[in-house]
Amino acid sequence: MRSPARASPPTDADRDPLARARALAPVIAAAAGRIEAGRELTPDVLAALHGAGLFRLYLPRALGGFELPPDRFVQVLDVIAQADASTAWCLNQTAVCSITAVHVAPAIAREVFGPADAVLAWGIGSNAKAVAVPGGYRVTGSWSFGSGSRHASWLGGHCPVVEADGTPRKHADGKVLERTMLIPRAAATIDPRWDVIGLRGTGSDAYAVDDLFVAEPYTCIHLTRWHDIVDPALGIPYRFGATSLYAAGFGMVALGNARAVLGSFTELCGAKTPRGHQHPLRDNPVMQLQIGRAEAQLSAARSWLIEVLAQCCEGVARLGHLTMDQRMTIRIAATYAIEQATAVVEACYRSAGTTAVFEANPFERRFRDAYTISQHLQGRAMHFETVGKHILGLEPEPLFL
């Protein structure tokens, strides 16, 4: 049997993922309707993304990845999200999953991420456990919201570890020890009922395994502990915590989606004369004000998010890890980005009038995608409270930091 193809490391001449994203954006935008209808990325889009290496943005260079710093990574997401939010969401989700490559042995990383079409995806779930046995674990559990899992080759299952007698295994600090199990997608039972109002194209299915043996080498430290690792040998993206990377990426997906809506609304203002009016929308001072305000909202939120990430990259290069202040700043910049993006999309949708309700126009799908993003834990208003507590010298809840 022929061995699977291996991805070649990008050369200096073609190591520009932002240019690659811009070249692919029209292809993705043209497929957006099919992506939503099929609840997954289409074969042509998948082939294009793999061909451009855009599933490998956070992978180490040794595995054919770009090893991008987060401030550059989110700029790629921005371009893709303007073409289709579901595609950008999948790229962010699976990119963060791919950082697992630095937390397993090199041979395992090559097996999981070496094939040119390799993708690791995972979801969340509280109904899981990994029973420690000789050589590994017997894993039983179910997980949901596995964005990108329909085109994944491997799935991840986050599990608390228990001893054979059911006693939880714990860290030195007394917290329950959790590990992430790497599971071939073919070994899991998939529940494909992704019936939602927005981000339909992410195919964020649920999946489960029952008493599956997972050998120790195919497990790694749980993502909530990534930010505890200080290793000067690791590249910049691997010294960020997973939650900070997710927050930044999904914040930019929201901004890219909103940028596309604002562009469509600006075009509509020049083309539409509302019933009962004599002049197009662009001549209306209210519309002029709205577009100017929306431009300020999106540009400010985007610039702040990128600036925060760039500063954090510099800090991580010096210290080896994110400080709590930096994690808080990423959290508030990402949450603010989602909040502002949602506000812009809603304003444009409402001002577009009945034009916005037709599926043939871009507003309806983008509106649903925006509000689905806003419902995600990354967009919760409670994050402002968390950051406020930190600023005031109070102890914030550590969840989602």
# chains A, B, ... in the order shown; residues from 1 in each chain; ligands from 1
>>> closest_atom_pairs(of="region 197-263 of chain A", to="region 117-134 of chain A", cutoff="12 Å", atoms="only C-alpha atoms", output="Markdown table")
| residue | atom | partner | partner_atom | distance |
| --- | --- | --- | --- | --- |
| A:Thr202 | CA | A:Ala121 | CA | 11.2 |
| A:Gly203 | CA | A:Ala121 | CA | 11.1 |
| A:Ser204 | CA | A:Gly123 | CA | 8.0 |
| A:Asp205 | CA | A:Gly123 | CA | 8.4 |
| A:Ala206 | CA | A:Gly123 | CA | 7.5 |
| A:Tyr207 | CA | A:Gly123 | CA | 8.5 |
| A:Ala208 | CA | A:Ala128 | CA | 9.0 |
| A:Val209 | CA | A:Ala128 | CA | 9.2 |
| A:Asp210 | CA | A:Ala128 | CA | 9.6 |
| A:Asp211 | CA | A:Ala130 | CA | 8.8 |
| A:Leu212 | CA | A:Ala130 | CA | 9.2 |
| A:Phe213 | CA | A:Val133 | CA | 8.9 |
| A:Val214 | CA | A:Ala130 | CA | 8.9 |
| A:Ala215 | CA | A:Pro134 | CA | 8.9 |
| A:Glu216 | CA | A:Pro134 | CA | 9.0 |
| A:Thr219 | CA | A:Ala130 | CA | 10.5 |
| A:Leu223 | CA | A:Trp122 | CA | 11.3 |
>>> select_by_dssp(residues="region 113-308 of chain A", states="helix (DSSP H, G or I)", output="PyMOL selection string")
chain A and resi 113+149-151+185-187+200-202+216-218+223-228+236-239+242-271+281-283+285-308
>>> write_last_selection(atoms="C-alpha atoms", output="PDB file, in the first residue's frame")
ATOM      1  CA  PHE A 113       0.467  15.899  11.141  1.00  0.00           C
ATOM      2  CA  SER A 149     -14.181  17.538  12.490  1.00  0.00           C
ATOM      3  CA  ARG A 150     -15.813  16.515   9.211  1.00  0.00           C
ATOM      4  CA  HIS A 151     -12.561  16.995   7.332  1.00  0.00           C
ATOM      5  CA  ARG A 185     -11.427   9.837  13.351  1.00  0.00           C
ATOM      6  CA  ALA A 186     -12.380   6.391  12.038  1.00  0.00           C
ATOM      7  CA  ALA A 187     -12.308   5.065  15.619  1.00  0.00           C
ATOM      8  CA  ARG A 200     -23.335  26.070   9.605  1.00  0.00           C
ATOM      9  CA  GLY A 201     -20.359  25.346   7.405  1.00  0.00           C
ATOM     10  CA  THR A 202     -18.145  24.495  10.377  1.00  0.00           C
ATOM     11  CA  GLU A 216       0.327   6.811  26.249  1.00  0.00           C
ATOM     12  CA  PRO A 217       2.380   8.353  23.397  1.00  0.00           C
ATOM     13  CA  TYR A 218      -0.880   9.416  21.714  1.00  0.00           C
ATOM     14  CA  LEU A 223      -4.611  22.577  26.773  1.00  0.00           C
ATOM     15  CA  THR A 224      -5.481  24.420  30.004  1.00  0.00           C
ATOM     16  CA  ARG A 225      -1.891  23.763  31.101  1.00  0.00           C
ATOM     17  CA  TRP A 226      -0.175  24.961  27.926  1.00  0.00           C
ATOM     18  CA  HIS A 227       0.470  28.418  29.342  1.00  0.00           C
ATOM     19  CA  ASP A 228       2.379  26.865  32.264  1.00  0.00           C
ATOM     20  CA  ILE A 236       6.513  31.940  19.827  1.00  0.00           C
ATOM     21  CA  PRO A 237       3.015  30.470  19.238  1.00  0.00           C
ATOM     22  CA  TYR A 238       3.746  27.523  21.541  1.00  0.00           C
ATOM     23  CA  ARG A 239       4.347  29.744  24.550  1.00  0.00           C
ATOM     24  CA  ALA A 242      -4.617  27.812  24.037  1.00  0.00           C
ATOM     25  CA  THR A 243      -7.410  29.989  25.388  1.00  0.00           C
ATOM     26  CA  SER A 244      -5.617  33.202  24.440  1.00  0.00           C
ATOM     27  CA  LEU A 245      -5.013  31.886  20.930  1.00  0.00           C
ATOM     28  CA  TYR A 246      -8.635  30.811  20.536  1.00  0.00           C
ATOM     29  CA  ALA A 247      -9.896  34.167  21.812  1.00  0.00           C
ATOM     30  CA  ALA A 248      -7.689  36.197  19.483  1.00  0.00           C
ATOM     31  CA  GLY A 249      -8.527  34.075  16.449  1.00  0.00           C
ATOM     32  CA  PHE A 250     -12.276  34.017  16.961  1.00  0.00           C
ATOM     33  CA  GLY A 251     -12.253  37.750  17.663  1.00  0.00           C
ATOM     34  CA  MET A 252     -10.675  38.292  14.261  1.00  0.00           C
ATOM     35  CA  VAL A 253     -13.158  35.940  12.581  1.00  0.00           C
ATOM     36  CA  ALA A 254     -15.927  38.192  13.921  1.00  0.00           C
ATOM     37  CA  LEU A 255     -14.165  41.290  12.610  1.00  0.00           C
ATOM     38  CA  GLY A 256     -13.557  39.796   9.165  1.00  0.00           C
ATOM     39  CA  ASN A 257     -17.185  38.755   8.894  1.00  0.00           C
ATOM     40  CA  ALA A 258     -18.310  42.256   9.890  1.00  0.00           C
ATOM     41  CA  ARG A 259     -15.883  43.865   7.441  1.00  0.00           C
ATOM     42  CA  ALA A 260     -17.516  41.907   4.620  1.00  0.00           C
ATOM     43  CA  VAL A 261     -20.961  43.081   5.742  1.00  0.00           C
ATOM     44  CA  LEU A 262     -19.843  46.695   5.869  1.00  0.00           C
ATOM     45  CA  GLY A 263     -18.445  46.370   2.356  1.00  0.00           C
ATOM     46  CA  SER A 264     -21.721  44.946   1.084  1.00  0.00           C
ATOM     47  CA  PHE A 265     -23.702  47.667   2.830  1.00  0.00           C
ATOM     48  CA  THR A 266     -21.490  50.393   1.366  1.00  0.00           C
ATOM     49  CA  GLU A 267     -22.152  49.006  -2.117  1.00  0.00           C
ATOM     50  CA  LEU A 268     -25.874  48.802  -1.393  1.00  0.00           C
ATOM     51  CA  CYS A 269     -25.954  52.455  -0.352  1.00  0.00           C
ATOM     52  CA  GLY A 270     -24.817  53.433  -3.810  1.00  0.00           C
ATOM     53  CA  ALA A 271     -27.239  51.145  -5.589  1.00  0.00           C
ATOM     54  CA  LEU A 281     -29.077  55.602   0.508  1.00  0.00           C
ATOM     55  CA  ARG A 282     -25.612  57.096   0.112  1.00  0.00           C
ATOM     56  CA  ASP A 283     -27.140  60.597   0.088  1.00  0.00           C
ATOM     57  CA  PRO A 285     -26.774  61.684   6.303  1.00  0.00           C
ATOM     58  CA  VAL A 286     -27.838  58.917   8.693  1.00  0.00           C
ATOM     59  CA  MET A 287     -26.278  56.295   6.421  1.00  0.00           C
ATOM     60  CA  GLN A 288     -23.147  58.402   6.026  1.00  0.00           C
ATOM     61  CA  LEU A 289     -22.803  58.679   9.789  1.00  0.00           C
ATOM     62  CA  GLN A 290     -23.424  54.974  10.244  1.00  0.00           C
ATOM     63  CA  ILE A 291     -20.752  53.950   7.738  1.00  0.00           C
ATOM     64  CA  GLY A 292     -18.218  56.341   9.274  1.00  0.00           C
ATOM     65  CA  ARG A 293     -18.924  55.037  12.770  1.00  0.00           C
ATOM     66  CA  ALA A 294     -18.777  51.409  11.636  1.00  0.00           C
ATOM     67  CA  GLU A 295     -15.428  52.013   9.946  1.00  0.00           C
ATOM     68  CA  ALA A 296     -14.068  53.429  13.190  1.00  0.00           C
ATOM     69  CA  GLN A 297     -15.426  50.522  15.210  1.00  0.00           C
ATOM     70  CA  LEU A 298     -13.932  47.805  13.033  1.00  0.00           C
ATOM     71  CA  SER A 299     -10.627  49.520  12.337  1.00  0.00           C
ATOM     72  CA  ALA A 300     -10.028  50.368  15.982  1.00  0.00           C
ATOM     73  CA  ALA A 301     -10.908  46.888  17.245  1.00  0.00           C
ATOM     74  CA  ARG A 302      -8.761  45.216  14.582  1.00  0.00           C
ATOM     75  CA  SER A 303      -5.750  47.455  15.136  1.00  0.00           C
ATOM     76  CA  TRP A 304      -5.944  47.021  18.905  1.00  0.00           C
ATOM     77  CA  LEU A 305      -6.154  43.246  18.666  1.00  0.00           C
ATOM     78  CA  ILE A 306      -3.150  43.019  16.329  1.00  0.00           C
ATOM     79  CA  GLU A 307      -1.157  45.505  18.415  1.00  0.00           C
ATOM     80  CA  VAL A 308      -1.884  43.568  21.613  1.00  0.00           C
TER      81      VAL A 308
END
>>> atom_distance(atom1="CA of Pro26 (chain A)", atom2="CA of Gly38 (chain A)")
18.9 Å
>>> closest_residue(among="A:Ala152, A:Ala334, A:Ala19, A:Ala116", to="Arg72 (chain A)", atoms="only C-alpha atoms")
A:Ala19
>>> select_by_dssp(residues="region 126-366 of chain A", states="strand (DSSP E)", output="PyMOL selection string")
chain A and resi 126-133+136-146+154-162+178-184+189-191+205-215+219-221
>>> decode(residues="region 239-281 of chain A", atoms="N, CA and C atoms", output="PDB file, in the first residue's frame")
ATOM      1  N   ARG A 239       4.219  29.232  23.189  1.00  0.00           N
ATOM      2  CA  ARG A 239       4.347  29.744  24.550  1.00  0.00           C
ATOM      3  C   ARG A 239       3.092  30.517  24.968  1.00  0.00           C
ATOM      4  N   PHE A 240       2.136  30.628  24.064  1.00  0.00           N
ATOM      5  CA  PHE A 240       0.833  31.208  24.395  1.00  0.00           C
ATOM      6  C   PHE A 240      -0.065  30.099  24.939  1.00  0.00           C
ATOM      7  N   GLY A 241      -0.996  30.455  25.781  1.00  0.00           N
ATOM      8  CA  GLY A 241      -2.001  29.490  26.195  1.00  0.00           C
ATOM      9  C   GLY A 241      -3.024  29.287  25.101  1.00  0.00           C
ATOM     10  N   ALA A 242      -3.629  28.108  25.073  1.00  0.00           N
ATOM     11  CA  ALA A 242      -4.617  27.812  24.037  1.00  0.00           C
ATOM     12  C   ALA A 242      -5.793  28.776  24.077  1.00  0.00           C
ATOM     13  N   THR A 243      -6.240  29.130  25.277  1.00  0.00           N
ATOM     14  CA  THR A 243      -7.410  29.989  25.388  1.00  0.00           C
ATOM     15  C   THR A 243      -7.146  31.368  24.804  1.00  0.00           C
ATOM     16  N   SER A 244      -5.953  31.897  25.014  1.00  0.00           N
ATOM     17  CA  SER A 244      -5.617  33.202  24.440  1.00  0.00           C
ATOM     18  C   SER A 244      -5.581  33.140  22.918  1.00  0.00           C
ATOM     19  N   LEU A 245      -5.055  32.042  22.390  1.00  0.00           N
ATOM     20  CA  LEU A 245      -5.013  31.886  20.930  1.00  0.00           C
ATOM     21  C   LEU A 245      -6.412  31.745  20.353  1.00  0.00           C
ATOM     22  N   TYR A 246      -7.255  30.946  21.009  1.00  0.00           N
ATOM     23  CA  TYR A 246      -8.635  30.811  20.536  1.00  0.00           C
ATOM     24  C   TYR A 246      -9.338  32.161  20.559  1.00  0.00           C
ATOM     25  N   ALA A 247      -9.210  32.886  21.664  1.00  0.00           N
ATOM     26  CA  ALA A 247      -9.896  34.167  21.812  1.00  0.00           C
ATOM     27  C   ALA A 247      -9.483  35.135  20.711  1.00  0.00           C
ATOM     28  N   ALA A 248      -8.182  35.266  20.497  1.00  0.00           N
ATOM     29  CA  ALA A 248      -7.689  36.197  19.483  1.00  0.00           C
ATOM     30  C   ALA A 248      -8.184  35.811  18.095  1.00  0.00           C
ATOM     31  N   GLY A 249      -8.113  34.530  17.771  1.00  0.00           N
ATOM     32  CA  GLY A 249      -8.527  34.075  16.449  1.00  0.00           C
ATOM     33  C   GLY A 249     -10.012  34.273  16.198  1.00  0.00           C
ATOM     34  N   PHE A 250     -10.834  33.884  17.160  1.00  0.00           N
ATOM     35  CA  PHE A 250     -12.276  34.017  16.961  1.00  0.00           C
ATOM     36  C   PHE A 250     -12.700  35.483  16.971  1.00  0.00           C
ATOM     37  N   GLY A 251     -11.981  36.321  17.729  1.00  0.00           N
ATOM     38  CA  GLY A 251     -12.253  37.750  17.663  1.00  0.00           C
ATOM     39  C   GLY A 251     -12.026  38.290  16.261  1.00  0.00           C
ATOM     40  N   MET A 252     -10.949  37.828  15.622  1.00  0.00           N
ATOM     41  CA  MET A 252     -10.675  38.292  14.261  1.00  0.00           C
ATOM     42  C   MET A 252     -11.649  37.707  13.248  1.00  0.00           C
ATOM     43  N   VAL A 253     -12.130  36.497  13.470  1.00  0.00           N
ATOM     44  CA  VAL A 253     -13.158  35.940  12.581  1.00  0.00           C
ATOM     45  C   VAL A 253     -14.392  36.841  12.609  1.00  0.00           C
ATOM     46  N   ALA A 254     -14.778  37.290  13.804  1.00  0.00           N
ATOM     47  CA  ALA A 254     -15.927  38.192  13.921  1.00  0.00           C
ATOM     48  C   ALA A 254     -15.679  39.490  13.163  1.00  0.00           C
ATOM     49  N   LEU A 255     -14.478  40.035  13.288  1.00  0.00           N
ATOM     50  CA  LEU A 255     -14.165  41.290  12.610  1.00  0.00           C
ATOM     51  C   LEU A 255     -14.146  41.125  11.091  1.00  0.00           C
ATOM     52  N   GLY A 256     -13.578  40.030  10.604  1.00  0.00           N
ATOM     53  CA  GLY A 256     -13.557  39.796   9.165  1.00  0.00           C
ATOM     54  C   GLY A 256     -14.948  39.636   8.597  1.00  0.00           C
ATOM     55  N   ASN A 257     -15.800  38.920   9.322  1.00  0.00           N
ATOM     56  CA  ASN A 257     -17.185  38.755   8.894  1.00  0.00           C
ATOM     57  C   ASN A 257     -17.894  40.102   8.829  1.00  0.00           C
ATOM     58  N   ALA A 258     -17.676  40.935   9.856  1.00  0.00           N
ATOM     59  CA  ALA A 258     -18.310  42.256   9.890  1.00  0.00           C
ATOM     60  C   ALA A 258     -17.759  43.167   8.793  1.00  0.00           C
ATOM     61  N   ARG A 259     -16.474  43.062   8.510  1.00  0.00           N
ATOM     62  CA  ARG A 259     -15.883  43.865   7.441  1.00  0.00           C
ATOM     63  C   ARG A 259     -16.552  43.556   6.098  1.00  0.00           C
ATOM     64  N   ALA A 260     -16.838  42.276   5.860  1.00  0.00           N
ATOM     65  CA  ALA A 260     -17.516  41.907   4.620  1.00  0.00           C
ATOM     66  C   ALA A 260     -18.921  42.500   4.566  1.00  0.00           C
ATOM     67  N   VAL A 261     -19.616  42.504   5.699  1.00  0.00           N
ATOM     68  CA  VAL A 261     -20.961  43.081   5.742  1.00  0.00           C
ATOM     69  C   VAL A 261     -20.911  44.574   5.477  1.00  0.00           C
ATOM     70  N   LEU A 262     -19.947  45.253   6.087  1.00  0.00           N
ATOM     71  CA  LEU A 262     -19.843  46.695   5.869  1.00  0.00           C
ATOM     72  C   LEU A 262     -19.539  47.001   4.401  1.00  0.00           C
ATOM     73  N   GLY A 263     -18.713  46.182   3.781  1.00  0.00           N
ATOM     74  CA  GLY A 263     -18.445  46.370   2.356  1.00  0.00           C
ATOM     75  C   GLY A 263     -19.691  46.200   1.513  1.00  0.00           C
ATOM     76  N   SER A 264     -20.477  45.175   1.832  1.00  0.00           N
ATOM     77  CA  SER A 264     -21.721  44.946   1.084  1.00  0.00           C
ATOM     78  C   SER A 264     -22.716  46.086   1.301  1.00  0.00           C
ATOM     79  N   PHE A 265     -22.767  46.580   2.539  1.00  0.00           N
ATOM     80  CA  PHE A 265     -23.702  47.667   2.830  1.00  0.00           C
ATOM     81  C   PHE A 265     -23.280  48.953   2.120  1.00  0.00           C
ATOM     82  N   THR A 266     -21.986  49.203   2.063  1.00  0.00           N
ATOM     83  CA  THR A 266     -21.490  50.393   1.366  1.00  0.00           C
ATOM     84  C   THR A 266     -21.877  50.337  -0.112  1.00  0.00           C
ATOM     85  N   GLU A 267     -21.738  49.172  -0.721  1.00  0.00           N
ATOM     86  CA  GLU A 267     -22.152  49.006  -2.117  1.00  0.00           C
ATOM     87  C   GLU A 267     -23.651  49.213  -2.272  1.00  0.00           C
ATOM     88  N   LEU A 268     -24.421  48.669  -1.328  1.00  0.00           N
ATOM     89  CA  LEU A 268     -25.874  48.802  -1.393  1.00  0.00           C
ATOM     90  C   LEU A 268     -26.295  50.267  -1.309  1.00  0.00           C
ATOM     91  N   CYS A 269     -25.602  51.045  -0.502  1.00  0.00           N
ATOM     92  CA  CYS A 269     -25.954  52.455  -0.352  1.00  0.00           C
ATOM     93  C   CYS A 269     -25.848  53.218  -1.677  1.00  0.00           C
ATOM     94  N   GLY A 270     -24.948  52.770  -2.516  1.00  0.00           N
ATOM     95  CA  GLY A 270     -24.817  53.433  -3.810  1.00  0.00           C
ATOM     96  C   GLY A 270     -25.799  52.936  -4.844  1.00  0.00           C
ATOM     97  N   ALA A 271     -26.387  51.770  -4.579  1.00  0.00           N
ATOM     98  CA  ALA A 271     -27.239  51.145  -5.589  1.00  0.00           C
ATOM     99  C   ALA A 271     -28.725  51.198  -5.259  1.00  0.00           C
ATOM    100  N   LYS A 272     -29.076  51.376  -3.991  1.00  0.00           N
ATOM    101  CA  LYS A 272     -30.478  51.257  -3.587  1.00  0.00           C
ATOM    102  C   LYS A 272     -31.100  52.611  -3.286  1.00  0.00           C
ATOM    103  N   THR A 273     -32.249  52.849  -3.893  1.00  0.00           N
ATOM    104  CA  THR A 273     -33.097  53.980  -3.542  1.00  0.00           C
ATOM    105  C   THR A 273     -34.351  53.420  -2.883  1.00  0.00           C
ATOM    106  N   PRO A 274     -34.521  53.618  -1.579  1.00  0.00           N
ATOM    107  CA  PRO A 274     -35.661  53.033  -0.878  1.00  0.00           C
ATOM    108  C   PRO A 274     -36.996  53.499  -1.443  1.00  0.00           C
ATOM    109  N   ARG A 275     -37.991  52.666  -1.306  1.00  0.00           N
ATOM    110  CA  ARG A 275     -39.336  53.016  -1.778  1.00  0.00           C
ATOM    111  C   ARG A 275     -39.800  54.306  -1.104  1.00  0.00           C
ATOM    112  N   GLY A 276     -40.322  55.202  -1.918  1.00  0.00           N
ATOM    113  CA  GLY A 276     -40.814  56.475  -1.395  1.00  0.00           C
ATOM    114  C   GLY A 276     -39.758  57.560  -1.313  1.00  0.00           C
ATOM    115  N   HIS A 277     -38.507  57.226  -1.680  1.00  0.00           N
ATOM    116  CA  HIS A 277     -37.424  58.214  -1.646  1.00  0.00           C
ATOM    117  C   HIS A 277     -36.974  58.541  -3.066  1.00  0.00           C
ATOM    118  N   GLN A 278     -36.335  59.681  -3.218  1.00  0.00           N
ATOM    119  CA  GLN A 278     -35.871  60.100  -4.534  1.00  0.00           C
ATOM    120  C   GLN A 278     -34.366  59.937  -4.713  1.00  0.00           C
ATOM    121  N   HIS A 279     -33.672  59.650  -3.651  1.00  0.00           N
ATOM    122  CA  HIS A 279     -32.216  59.588  -3.713  1.00  0.00           C
ATOM    123  C   HIS A 279     -31.718  58.259  -3.119  1.00  0.00           C
ATOM    124  N   PRO A 280     -30.563  57.792  -3.567  1.00  0.00           N
ATOM    125  CA  PRO A 280     -30.016  56.549  -3.025  1.00  0.00           C
ATOM    126  C   PRO A 280     -29.617  56.709  -1.557  1.00  0.00           C
ATOM    127  N   LEU A 281     -29.433  55.598  -0.912  1.00  0.00           N
ATOM    128  CA  LEU A 281     -29.077  55.602   0.508  1.00  0.00           C
ATOM    129  C   LEU A 281     -27.804  56.386   0.794  1.00  0.00           C
TER     130      LEU A 281
END
